[in-house]
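Chemist: Data file entry-v4.cif (mmCIF, C-alpha atoms and all ligand atoms) is appended below.
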data_protein
#
loop_
_atom_site.group_PDB
_atom_site.id
_atom_site.type_symbol
_atom_site.label_atom_id
_atom_site.label_comp_id
_atom_site.auth_asym_id
_atom_site.auth_seq_id
_atom_site.Cartn_x
_atom_site.Cartn_y
_atom_site.Cartn_z
ATOM 1 C CA MET A 1 -83.906 -243.367 -153.820
ATOM 2 C CA ARG A 2 -85.550 -240.403 -152.015
ATOM 3 C CA ALA A 3 -83.963 -238.397 -149.357
ATOM 4 C CA ARG A 4 -86.074 -237.967 -146.166
ATOM 5 C CA PRO A 5 -87.440 -234.360 -145.864
ATOM 6 C CA SER A 6 -86.187 -233.956 -142.320
ATOM 7 C CA ALA A 7 -82.644 -234.459 -143.575
ATOM 8 C CA PHE A 8 -83.066 -231.314 -145.749
ATOM 9 C CA SER A 9 -84.523 -229.099 -142.983
ATOM 10 C CA PRO A 10 -82.722 -230.085 -139.801
ATOM 11 C CA HIS A 11 -82.857 -226.535 -138.371
ATOM 12 C CA LEU A 12 -86.662 -226.178 -138.630
ATOM 13 C CA SER A 13 -87.449 -229.489 -137.006
ATOM 14 C CA ALA A 14 -84.965 -228.854 -134.161
ATOM 15 C CA THR A 15 -86.625 -225.512 -133.136
ATOM 16 C CA GLY A 16 -90.066 -227.136 -133.247
ATOM 17 C CA SER A 17 -89.171 -229.887 -130.793
ATOM 18 C CA ALA A 18 -87.300 -227.411 -128.512
ATOM 19 C CA ARG A 19 -90.461 -225.275 -128.191
ATOM 20 C CA ARG A 20 -92.527 -228.316 -127.257
ATOM 21 C CA LEU A 21 -89.935 -229.285 -124.652
ATOM 22 C CA VAL A 22 -89.902 -225.809 -123.067
ATOM 23 C CA LEU A 23 -93.704 -225.754 -122.775
ATOM 24 C CA ARG A 24 -93.813 -229.173 -121.201
ATOM 25 C CA GLY A 25 -90.991 -228.240 -118.788
ATOM 26 C CA ALA A 26 -92.707 -225.034 -117.684
ATOM 27 C CA ALA A 27 -95.961 -226.823 -116.941
ATOM 28 C CA SER A 28 -94.373 -229.507 -114.791
ATOM 29 C CA ALA A 29 -92.121 -226.955 -112.950
ATOM 30 C CA GLY A 30 -95.217 -224.861 -112.098
ATOM 31 C CA LEU A 31 -96.999 -227.901 -110.734
ATOM 32 C CA ALA A 32 -93.999 -228.948 -108.670
ATOM 33 C CA ALA A 33 -93.604 -225.422 -107.213
ATOM 34 C CA LEU A 34 -97.281 -225.389 -106.202
ATOM 35 C CA VAL A 35 -97.017 -228.727 -104.419
ATOM 36 C CA LEU A 36 -93.691 -227.909 -102.755
ATOM 37 C CA THR A 37 -94.486 -224.420 -101.462
ATOM 38 C CA ALA A 38 -97.855 -225.488 -100.088
ATOM 39 C CA GLY A 39 -96.214 -228.275 -98.095
ATOM 40 C CA CYS A 40 -93.237 -226.176 -96.912
ATOM 41 C CA ARG A 41 -95.286 -223.265 -95.669
ATOM 42 C CA GLN A 42 -97.332 -225.462 -93.360
ATOM 43 C CA ASP A 43 -94.271 -227.150 -91.813
ATOM 44 C CA MET A 44 -92.221 -223.978 -91.327
ATOM 45 C CA GLN A 45 -95.176 -222.045 -89.909
ATOM 46 C CA HIS A 46 -95.988 -224.513 -87.193
ATOM 47 C CA GLN A 47 -92.673 -225.972 -86.131
ATOM 48 C CA PRO A 48 -91.511 -225.099 -82.569
ATOM 49 C CA LYS A 49 -89.035 -222.205 -82.573
ATOM 50 C CA MET A 50 -87.671 -219.332 -80.471
ATOM 51 C CA PHE A 51 -88.799 -215.721 -80.997
ATOM 52 C CA PRO A 52 -86.354 -213.037 -79.952
ATOM 53 C CA GLN A 53 -87.490 -211.012 -76.909
ATOM 54 C CA ARG A 54 -90.317 -213.456 -76.223
ATOM 55 C CA GLY A 55 -90.788 -215.968 -73.459
ATOM 56 C CA SER A 56 -90.175 -219.664 -73.786
ATOM 57 C CA SER A 57 -91.105 -222.630 -71.670
ATOM 58 C CA MET A 58 -87.911 -224.421 -72.588
ATOM 59 C CA PHE A 59 -85.588 -222.821 -69.986
ATOM 60 C CA PRO A 60 -86.179 -222.469 -66.229
ATOM 61 C CA ASP A 61 -85.935 -218.648 -66.439
ATOM 62 C CA HIS A 62 -88.555 -218.607 -69.276
ATOM 63 C CA ARG A 63 -86.435 -216.334 -71.409
ATOM 64 C CA GLY A 64 -86.172 -217.113 -75.097
ATOM 65 C CA ALA A 65 -82.818 -215.350 -75.517
ATOM 66 C CA ARG A 66 -79.956 -216.833 -73.529
ATOM 67 C CA PRO A 67 -78.088 -214.371 -71.302
ATOM 68 C CA GLN A 68 -74.352 -214.038 -71.941
ATOM 69 C CA VAL A 69 -72.103 -216.171 -69.827
ATOM 70 C CA PRO A 70 -70.505 -213.724 -67.320
ATOM 71 C CA GLY A 71 -66.957 -212.841 -68.268
ATOM 72 C CA THR A 72 -67.473 -213.703 -71.950
ATOM 73 C CA VAL A 73 -64.859 -212.049 -74.162
ATOM 74 C CA ALA A 74 -65.492 -211.467 -77.860
ATOM 75 C CA ARG A 75 -63.066 -213.080 -80.267
ATOM 76 C CA GLY A 76 -59.919 -210.971 -80.652
ATOM 77 C CA GLU A 77 -60.848 -208.816 -77.627
ATOM 78 C CA PHE A 78 -58.996 -210.783 -74.981
ATOM 79 C CA HIS A 79 -56.802 -208.091 -73.524
ATOM 80 C CA GLU A 80 -55.169 -209.470 -70.479
ATOM 81 C CA ASP A 81 -54.901 -206.885 -67.745
ATOM 82 C CA SER A 82 -51.215 -206.572 -68.504
ATOM 83 C CA TYR A 83 -48.768 -203.679 -68.527
ATOM 84 C CA PHE A 84 -48.752 -203.736 -72.336
ATOM 85 C CA TYR A 85 -52.474 -202.855 -72.500
ATOM 86 C CA THR A 86 -52.840 -200.657 -69.408
ATOM 87 C CA GLY A 87 -49.501 -198.889 -68.945
ATOM 88 C CA TYR A 88 -49.486 -199.402 -65.186
ATOM 89 C CA VAL A 89 -48.329 -201.977 -62.688
ATOM 90 C CA VAL A 90 -50.211 -202.844 -59.507
ATOM 91 C CA ASP A 91 -48.246 -202.417 -56.274
ATOM 92 C CA ALA A 92 -48.577 -204.454 -53.055
ATOM 93 C CA GLN A 93 -51.387 -202.172 -51.774
ATOM 94 C CA GLY A 94 -53.372 -202.737 -54.958
ATOM 95 C CA HIS A 95 -52.616 -199.268 -56.351
ATOM 96 C CA ARG A 96 -51.858 -198.645 -59.996
ATOM 97 C CA GLU A 97 -48.437 -197.160 -60.632
ATOM 98 C CA GLU A 98 -46.815 -195.884 -63.796
ATOM 99 C CA SER A 99 -43.458 -197.337 -64.722
ATOM 100 C CA ASN A 100 -40.402 -196.392 -66.701
ATOM 101 C CA LEU A 101 -40.204 -199.767 -68.454
ATOM 102 C CA MET A 102 -41.001 -200.449 -72.095
ATOM 103 C CA PRO A 103 -43.004 -203.689 -72.462
ATOM 104 C CA PHE A 104 -40.925 -204.726 -75.514
ATOM 105 C CA PRO A 105 -37.408 -203.960 -76.793
ATOM 106 C CA VAL A 106 -36.985 -200.581 -78.476
ATOM 107 C CA THR A 107 -35.450 -201.142 -81.895
ATOM 108 C CA MET A 108 -34.855 -198.649 -84.701
ATOM 109 C CA THR A 109 -38.031 -199.961 -86.387
ATOM 110 C CA VAL A 110 -40.041 -199.182 -83.235
ATOM 111 C CA LEU A 111 -38.580 -195.653 -83.040
ATOM 112 C CA LYS A 112 -39.248 -194.990 -86.741
ATOM 113 C CA ARG A 113 -42.846 -196.106 -86.301
ATOM 114 C CA GLY A 114 -43.114 -193.890 -83.212
ATOM 115 C CA GLN A 115 -41.727 -190.928 -85.154
ATOM 116 C CA GLU A 116 -44.193 -191.486 -87.997
ATOM 117 C CA GLU A 117 -47.203 -191.673 -85.672
ATOM 118 C CA PHE A 118 -45.980 -188.773 -83.516
ATOM 119 C CA ASN A 119 -45.661 -186.555 -86.581
ATOM 120 C CA VAL A 120 -49.142 -187.571 -87.733
ATOM 121 C CA TYR A 121 -51.089 -187.371 -84.478
ATOM 122 C CA CYS A 122 -49.139 -185.270 -81.980
ATOM 123 C CA SER A 123 -47.058 -182.712 -83.880
ATOM 124 C CA ALA A 124 -50.087 -180.570 -84.808
ATOM 125 C CA CYS A 125 -50.206 -179.428 -81.165
ATOM 126 C CA HIS A 126 -46.883 -180.467 -79.625
ATOM 127 C CA SER A 127 -44.790 -179.564 -82.729
ATOM 128 C CA ARG A 128 -42.283 -181.879 -84.379
ATOM 129 C CA VAL A 129 -39.696 -181.202 -81.683
ATOM 130 C CA GLY A 130 -42.233 -181.669 -78.886
ATOM 131 C CA ASN A 131 -42.010 -178.189 -77.362
ATOM 132 C CA GLY A 132 -45.783 -177.753 -77.260
ATOM 133 C CA VAL A 133 -45.922 -174.933 -79.821
ATOM 134 C CA GLY A 134 -47.541 -176.770 -82.723
ATOM 135 C CA MET A 135 -49.586 -175.167 -85.508
ATOM 136 C CA ILE A 136 -52.918 -175.606 -83.702
ATOM 137 C CA VAL A 137 -51.535 -173.914 -80.578
ATOM 138 C CA LYS A 138 -50.212 -171.070 -82.725
ATOM 139 C CA ARG A 139 -53.738 -170.556 -83.987
ATOM 140 C CA GLY A 140 -55.340 -170.320 -80.573
ATOM 141 C CA TYR A 141 -55.440 -173.744 -78.902
ATOM 142 C CA LYS A 142 -54.366 -174.295 -75.342
ATOM 143 C CA PRO A 143 -50.546 -174.645 -75.158
ATOM 144 C CA ALA A 144 -49.757 -178.342 -75.405
ATOM 145 C CA ALA A 145 -47.241 -179.768 -72.949
ATOM 146 C CA ASN A 146 -43.573 -179.108 -73.590
ATOM 147 C CA PHE A 147 -41.863 -182.510 -73.383
ATOM 148 C CA HIS A 148 -38.557 -180.861 -72.498
ATOM 149 C CA ASP A 149 -39.568 -179.128 -69.263
ATOM 150 C CA ALA A 150 -38.519 -180.544 -65.902
ATOM 151 C CA VAL A 151 -41.956 -182.016 -65.115
ATOM 152 C CA ARG A 152 -42.313 -183.913 -68.385
ATOM 153 C CA MET A 153 -38.671 -185.049 -68.426
ATOM 154 C CA ALA A 154 -39.208 -186.649 -65.024
ATOM 155 C CA GLU A 155 -42.315 -188.592 -66.089
ATOM 156 C CA PRO A 156 -41.997 -192.356 -66.522
ATOM 157 C CA VAL A 157 -42.398 -193.640 -70.078
ATOM 158 C CA SER A 158 -45.743 -195.308 -69.348
ATOM 159 C CA HIS A 159 -47.181 -191.888 -68.411
ATOM 160 C CA TYR A 160 -47.130 -191.034 -72.131
ATOM 161 C CA PHE A 161 -48.900 -194.287 -72.896
ATOM 162 C CA TYR A 162 -51.478 -193.440 -70.230
ATOM 163 C CA VAL A 163 -52.064 -189.888 -71.578
ATOM 164 C CA MET A 164 -52.508 -191.209 -75.142
ATOM 165 C CA THR A 165 -54.942 -193.850 -73.861
ATOM 166 C CA HIS A 166 -57.100 -191.603 -71.666
ATOM 167 C CA GLY A 167 -56.460 -188.036 -72.851
ATOM 168 C CA TYR A 168 -55.327 -185.287 -70.505
ATOM 169 C CA GLY A 169 -57.118 -182.016 -69.715
ATOM 170 C CA ALA A 170 -57.715 -180.261 -73.036
ATOM 171 C CA MET A 171 -56.002 -183.065 -74.933
ATOM 172 C CA PRO A 172 -58.200 -185.759 -76.514
ATOM 173 C CA ASP A 173 -57.253 -189.431 -76.251
ATOM 174 C CA TYR A 174 -55.674 -191.269 -79.185
ATOM 175 C CA ARG A 175 -56.750 -194.774 -78.218
ATOM 176 C CA ALA A 176 -58.867 -195.219 -81.361
ATOM 177 C CA GLN A 177 -56.154 -194.002 -83.744
ATOM 178 C CA LEU A 178 -53.207 -195.750 -82.104
ATOM 179 C CA PRO A 179 -53.307 -199.412 -81.061
ATOM 180 C CA PRO A 180 -51.257 -200.214 -77.908
ATOM 181 C CA GLN A 181 -48.168 -201.214 -79.921
ATOM 182 C CA ASP A 182 -48.128 -197.774 -81.617
ATOM 183 C CA ARG A 183 -48.827 -195.880 -78.374
ATOM 184 C CA TRP A 184 -45.733 -197.500 -76.860
ATOM 185 C CA ALA A 185 -43.733 -196.682 -80.014
ATOM 186 C CA VAL A 186 -44.774 -193.004 -79.711
ATOM 187 C CA ALA A 187 -43.853 -193.018 -75.995
ATOM 188 C CA ALA A 188 -40.398 -194.381 -76.887
ATOM 189 C CA TYR A 189 -40.030 -191.731 -79.593
ATOM 190 C CA ILE A 190 -40.888 -188.955 -77.096
ATOM 191 C CA ARG A 191 -37.997 -190.244 -74.975
ATOM 192 C CA ALA A 192 -35.737 -190.095 -78.041
ATOM 193 C CA LEU A 193 -36.927 -186.517 -78.700
ATOM 194 C CA GLN A 194 -36.146 -185.572 -75.097
ATOM 195 C CA LEU A 195 -32.660 -187.030 -75.427
ATOM 196 C CA SER A 196 -32.114 -185.239 -78.744
ATOM 197 C CA GLN A 197 -33.093 -181.841 -77.326
ATOM 198 C CA ALA A 198 -31.063 -182.254 -74.135
ATOM 199 C CA ALA A 199 -27.939 -183.686 -75.799
ATOM 200 C CA THR A 200 -24.545 -182.390 -74.696
ATOM 201 C CA VAL A 201 -21.146 -182.476 -76.385
ATOM 202 C CA LYS A 202 -20.347 -185.532 -74.241
ATOM 203 C CA ASP A 203 -23.092 -187.538 -75.997
ATOM 204 C CA VAL A 204 -21.380 -187.107 -79.365
ATOM 205 C CA PRO A 205 -18.793 -189.749 -80.353
ATOM 206 C CA PRO A 206 -15.253 -188.304 -80.272
ATOM 207 C CA GLY A 207 -14.044 -186.897 -83.564
ATOM 208 C CA THR A 208 -17.517 -185.967 -84.785
ATOM 209 C CA ARG A 209 -17.814 -182.421 -86.110
ATOM 210 C CA ILE A 210 -20.219 -180.392 -83.976
ATOM 211 C CA GLN A 211 -22.087 -177.542 -85.612
ATOM 212 C CA HIS A 212 -24.193 -175.028 -83.751
ATOM 213 C CA LEU A 213 -27.767 -174.513 -84.893
ATOM 214 C CA LYS A 214 -26.930 -170.826 -85.504
ATOM 215 C CA GLU A 215 -24.231 -171.812 -88.021
ATOM 216 C CA ILE A 216 -26.661 -174.126 -89.806
ATOM 217 C CA ALA A 217 -29.277 -171.336 -89.904
ATOM 218 C CA ALA A 218 -26.716 -168.971 -91.447
ATOM 219 C CA GLU A 219 -25.587 -171.574 -94.000
ATOM 220 C CA GLU A 220 -29.162 -172.298 -95.006
ATOM 221 C CA HIS A 221 -30.010 -168.552 -95.197
ATOM 222 C CA LEU A 222 -32.629 -168.941 -92.483
ATOM 223 C CA PRO A 223 -33.491 -166.098 -90.073
ATOM 224 C CA ALA A 224 -31.459 -166.055 -86.838
ATOM 225 C CA SER A 225 -34.669 -166.732 -84.903
ATOM 226 C CA PHE A 226 -34.562 -170.268 -86.377
ATOM 227 C CA ALA A 227 -31.958 -171.232 -83.789
ATOM 228 C CA GLU A 228 -33.634 -169.477 -80.872
ATOM 229 C CA PRO A 229 -36.117 -171.038 -78.465
ATOM 230 C CA TRP A 230 -39.687 -170.935 -79.768
ATOM 231 C CA ALA A 231 -41.908 -168.374 -78.098
ATOM 232 C CA LEU A 232 -45.556 -169.079 -77.376
ATOM 233 C CA PRO A 233 -47.631 -166.875 -79.673
ATOM 234 C CA ALA A 234 -50.054 -164.386 -78.153
ATOM 235 C CA THR A 235 -52.908 -166.290 -79.818
ATOM 236 C CA ALA A 236 -52.384 -169.357 -77.611
ATOM 237 C CA VAL A 237 -55.048 -169.516 -74.948
ATOM 238 C CA ASN A 238 -54.611 -170.319 -71.305
ATOM 239 C CA ALA A 239 -57.046 -172.166 -69.061
ATOM 240 C CA MET A 240 -60.504 -171.208 -70.325
ATOM 241 C CA PRO A 241 -63.727 -171.337 -68.353
ATOM 242 C CA PRO A 242 -66.462 -173.410 -70.020
ATOM 243 C CA VAL A 243 -68.850 -171.426 -72.242
ATOM 244 C CA GLY A 244 -72.219 -173.156 -71.885
ATOM 245 C CA SER A 245 -73.950 -171.160 -74.658
ATOM 246 C CA GLU A 246 -71.205 -172.122 -77.144
ATOM 247 C CA GLY A 247 -70.855 -175.658 -75.878
ATOM 248 C CA THR A 248 -67.113 -175.336 -75.239
ATOM 249 C CA PRO A 249 -65.860 -177.522 -72.418
ATOM 250 C CA GLY A 250 -63.640 -175.990 -69.749
ATOM 251 C CA MET A 251 -59.973 -176.717 -70.153
ATOM 252 C CA ALA A 252 -58.356 -178.157 -67.059
ATOM 253 C CA PRO A 253 -54.961 -176.605 -66.303
ATOM 254 C CA ALA A 254 -51.996 -178.909 -66.622
ATOM 255 C CA HIS A 255 -50.819 -180.110 -63.235
ATOM 256 C CA ALA A 256 -47.552 -178.724 -61.934
ATOM 257 C CA ALA A 257 -46.608 -182.263 -60.921
ATOM 258 C CA PRO A 258 -48.096 -185.395 -62.424
ATOM 259 C CA PRO A 259 -50.814 -186.841 -60.207
ATOM 260 C CA LYS A 260 -49.995 -190.206 -58.722
ATOM 261 C CA ILE A 261 -52.645 -192.524 -60.063
ATOM 262 C CA THR A 262 -54.109 -194.426 -57.141
ATOM 263 C CA ILE A 263 -57.292 -196.012 -58.359
ATOM 264 C CA PRO A 264 -58.221 -199.082 -56.335
ATOM 265 C CA LEU A 265 -58.395 -202.307 -58.299
ATOM 266 C CA LYS A 266 -61.758 -203.299 -59.724
ATOM 267 C CA LYS A 267 -63.838 -205.477 -57.431
ATOM 268 C CA PRO A 268 -64.027 -209.095 -58.586
ATOM 269 C CA LEU A 269 -67.197 -210.006 -60.467
ATOM 270 C CA PRO A 270 -69.977 -211.225 -58.170
ATOM 271 C CA ALA A 271 -70.282 -215.005 -58.053
ATOM 272 C CA THR A 272 -72.803 -216.166 -60.626
ATOM 273 C CA THR A 273 -75.847 -218.037 -59.471
ATOM 274 C CA GLN A 274 -76.769 -220.945 -61.674
ATOM 275 C CA LYS A 275 -80.153 -222.576 -61.480
HETATM 276 C C1 LIG B 1 -55.300 -181.102 -80.274
HETATM 277 C C2 LIG B 1 -54.020 -180.813 -79.692
HETATM 278 C C3 LIG B 1 -53.221 -181.978 -79.139
HETATM 279 C C4 LIG B 1 -52.823 -183.110 -79.784
HETATM 280 C C5 LIG B 1 -53.084 -183.502 -81.233
HETATM 281 C C6 LIG B 1 -52.034 -183.859 -78.846
HETATM 282 N N1 LIG B 1 -51.959 -183.197 -77.660
HETATM 283 FE FE1 LIG B 1 -50.937 -183.764 -75.991
HETATM 284 N N2 LIG B 1 -51.585 -182.130 -75.015
HETATM 285 C C7 LIG B 1 -52.372 -181.126 -75.552
HETATM 286 C C8 LIG B 1 -52.657 -180.121 -74.552
HETATM 287 C C9 LIG B 1 -53.455 -178.869 -74.768
HETATM 288 C C10 LIG B 1 -52.010 -180.563 -73.372
HETATM 289 C C11 LIG B 1 -52.049 -179.873 -72.021
HETATM 290 C C12 LIG B 1 -53.269 -180.402 -71.322
HETATM 291 C C13 LIG B 1 -53.871 -179.388 -70.414
HETATM 292 O O1 LIG B 1 -53.124 -178.605 -69.846
HETATM 293 O O2 LIG B 1 -55.098 -179.385 -70.294
HETATM 294 C C14 LIG B 1 -51.346 -181.818 -73.698
HETATM 295 C C15 LIG B 1 -50.594 -182.536 -72.806
HETATM 296 C C16 LIG B 1 -49.899 -183.687 -73.134
HETATM 297 C C17 LIG B 1 -49.022 -184.391 -72.233
HETATM 298 C C18 LIG B 1 -48.648 -183.980 -70.824
HETATM 299 C C19 LIG B 1 -49.423 -184.645 -69.771
HETATM 300 C C20 LIG B 1 -48.880 -184.233 -68.410
HETATM 301 O O3 LIG B 1 -48.653 -185.113 -67.606
HETATM 302 O O4 LIG B 1 -48.695 -183.031 -68.175
HETATM 303 C C21 LIG B 1 -48.512 -185.448 -72.915
HETATM 304 C C22 LIG B 1 -47.556 -186.495 -72.395
HETATM 305 C C23 LIG B 1 -49.079 -185.414 -74.238
HETATM 306 N N3 LIG B 1 -49.910 -184.316 -74.343
HETATM 307 C C24 LIG B 1 -48.807 -186.323 -75.236
HETATM 308 C C25 LIG B 1 -49.378 -186.312 -76.493
HETATM 309 C C26 LIG B 1 -49.147 -187.310 -77.506
HETATM 310 C C27 LIG B 1 -48.205 -188.476 -77.349
HETATM 311 C C28 LIG B 1 -49.904 -186.981 -78.583
HETATM 312 C C29 LIG B 1 -50.048 -187.732 -79.884
HETATM 313 C C30 LIG B 1 -50.548 -189.074 -79.799
HETATM 314 C C31 LIG B 1 -50.594 -185.752 -78.266
HETATM 315 N N4 LIG B 1 -50.253 -185.377 -76.995
HETATM 316 C C32 LIG B 1 -51.456 -185.078 -79.128
HETATM 317 C C33 LIG B 1 -52.833 -181.053 -76.850
HETATM 318 C C34 LIG B 1 -52.670 -182.033 -77.802
#
Just give me the structure of the file as structure tokens.
Ligand code: HEC
Modeler:
Amino acid sequence: MRARPSAFSPHLSATGSARRLVLRGAASAGLAALVLTAGCRQDMQHQPKMFPQRGSSMFPDHRGARPQVPGTVARGEFHEDSYFYTGYVVDAQGHREESNLMPFPVTMTVLKRGQEEFNVYCSACHSRVGNGVGMIVKRGYKPAANFHDAVRMAEPVSHYFYVMTHGYGAMPDYRAQLPPQDRWAVAAYIRALQLSQAATVKDVPPGTRIQHLKEIAAEEHLPASFAEPWALPATAVNAMPPVGSEGTPGMAPAHAAPPKITIPLKKPLPATTQK
């Protein structure tokens, strides 16, 4: 009995046949690619299709690109013209009016969110207590509004929403940083701040120990000035004329009384003509 040679060298014979297979495979794949691409190119080149910004005989207006349907709203951008998004109500004469209503219930969560966002975005100028003497003002910015003066105390809550949405005089808008929900939360927190700074003994539940700020300052070894009203530093600027050469915009003075916003309603969209 003789053993077959291939049984003694299985490894060698296996690599030999694999090489042959690879060569044969490569040849047929190359051929197939040649045939396929030649055919494809012809079909794709000559099929009817639309070129952007070029005419077309397919539509009556001969435009290749289709115009947008008037009034189209992108997905997720459908902001109904409601109080929640605009901060104003429309009166019988079609005028926009601010209102003292919150569009959703004010819970502790809402106030905490408002406090967080106020401290991040507003306190730099208005200070954490909202008296308008923030760090930026101390270093030479226009005095930011004091939320505890008679004018600001009398403003309806949606005025704050409106100022955050559109900016006000030297103050930039915060629409991009704060979505409507957060702008309302900040407005509610400003109201809470106003209440906190104008609180009287009557607002405190009976039996609660009342401590004057001066006592706290003494206990904490803080200077007596800690409990005194904050003074505007001499570095704070007042209404500045625009400096064209430096590119600084003029700063509009804050109004003594808030302007009543009376912008007529937008005209309805013109009726669309369809061919
Ligand atoms: C870069 C500084 C700055 C920041 C930050 C800032 N403000 Fe102001 N704000 C001002 C200045 C300055 C004024 C006064 C505007 C003027 O007189 O031109 C003002 C005025 C206001 C007023 C008064 C408007 C009126 O009717 O008189 C409100 C309300 C207000 N800011 C709210 C906010 C809120 C809320 C934020 C945070 C989201 C904020 N501000 C962030 C600088 C700032």
Chemist: Given a cut-off of 9 Å, what residues near ligand LIG 1 (chain B) show up using all atoms listed in the file, put as JSON, numbers by chain?
Modeler: {"A": [117, 118, 119, 120, 121, 122, 123, 124, 125, 126, 130, 132, 134, 136, 137, 141, 142, 143, 144, 145, 146, 147, 151, 152, 155, 159, 160, 161, 162, 163, 164, 165, 167, 168, 169, 170, 171, 172, 173, 174, 175, 177, 178, 183, 186, 187, 190, 238, 239, 251, 252, 253, 254, 255, 256, 257, 258, 259]}
Chemist: Using the chain letters and numbers from this file, what does the PyMOL selection byres (((chain A and resi 110) around 10) and not hetatm) select? Give the answer as an mmCIF file with C-alpha atoms, in the coordinates of the input.
Modeler:
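Here's the written file expr-v2.cif:
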data_model
loop_
_atom_site.group_PDB
_atom_site.id
_atom_site.type_symbol
_atom_site.label_atom_id
_atom_site.label_comp_id
_atom_site.auth_asym_id
_atom_site.auth_seq_id
_atom_site.Cartn_x
_atom_site.Cartn_y
_atom_site.Cartn_z
ATOM 1 C CA PHE A 104 -40.925 -204.726 -75.514
ATOM 2 C CA PRO A 105 -37.408 -203.960 -76.793
ATOM 3 C CA VAL A 106 -36.985 -200.581 -78.476
ATOM 4 C CA THR A 107 -35.450 -201.142 -81.895
ATOM 5 C CA MET A 108 -34.855 -198.649 -84.701
ATOM 6 C CA THR A 109 -38.031 -199.961 -86.387
ATOM 7 C CA LEU A 111 -38.580 -195.653 -83.040
ATOM 8 C CA LYS A 112 -39.248 -194.990 -86.741
ATOM 9 C CA ARG A 113 -42.846 -196.106 -86.301
ATOM 10 C CA GLY A 114 -43.114 -193.890 -83.212
ATOM 11 C CA GLN A 115 -41.727 -190.928 -85.154
ATOM 12 C CA GLU A 116 -44.193 -191.486 -87.997
ATOM 13 C CA GLN A 181 -48.168 -201.214 -79.921
ATOM 14 C CA ASP A 182 -48.128 -197.774 -81.617
ATOM 15 C CA TRP A 184 -45.733 -197.500 -76.860
ATOM 16 C CA ALA A 185 -43.733 -196.682 -80.014
ATOM 17 C CA VAL A 186 -44.774 -193.004 -79.711
ATOM 18 C CA ALA A 188 -40.398 -194.381 -76.887
ATOM 19 C CA TYR A 189 -40.030 -191.731 -79.593
#
Chemist: By how many Å are CA of Pro229 in chain A and CA of Asp149 in chain A apart?
Modeler: 12.7 Å
Chemist: For the atom pair CA of Val90 in chain A and CA of Ala150 in chain A, what is the interatomic distance in Å to one decimal place?
Modeler: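 The value is 26.0 Å.
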Chemist: In Å to one decimal, how far is CA of Ala154 in chain A from CA of Asp203 in chain A?
Modeler: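 These atoms are spaced 19.5 Å apart.
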Chemist: Which one of A:Ala176, A:Val157, A:Ala199, A:Leu213 sits closest to Glu98 in chain A if you count only C-alpha atoms?
Modeler: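 Smallest distance to Glu98 in chain A is found for A:Val157.
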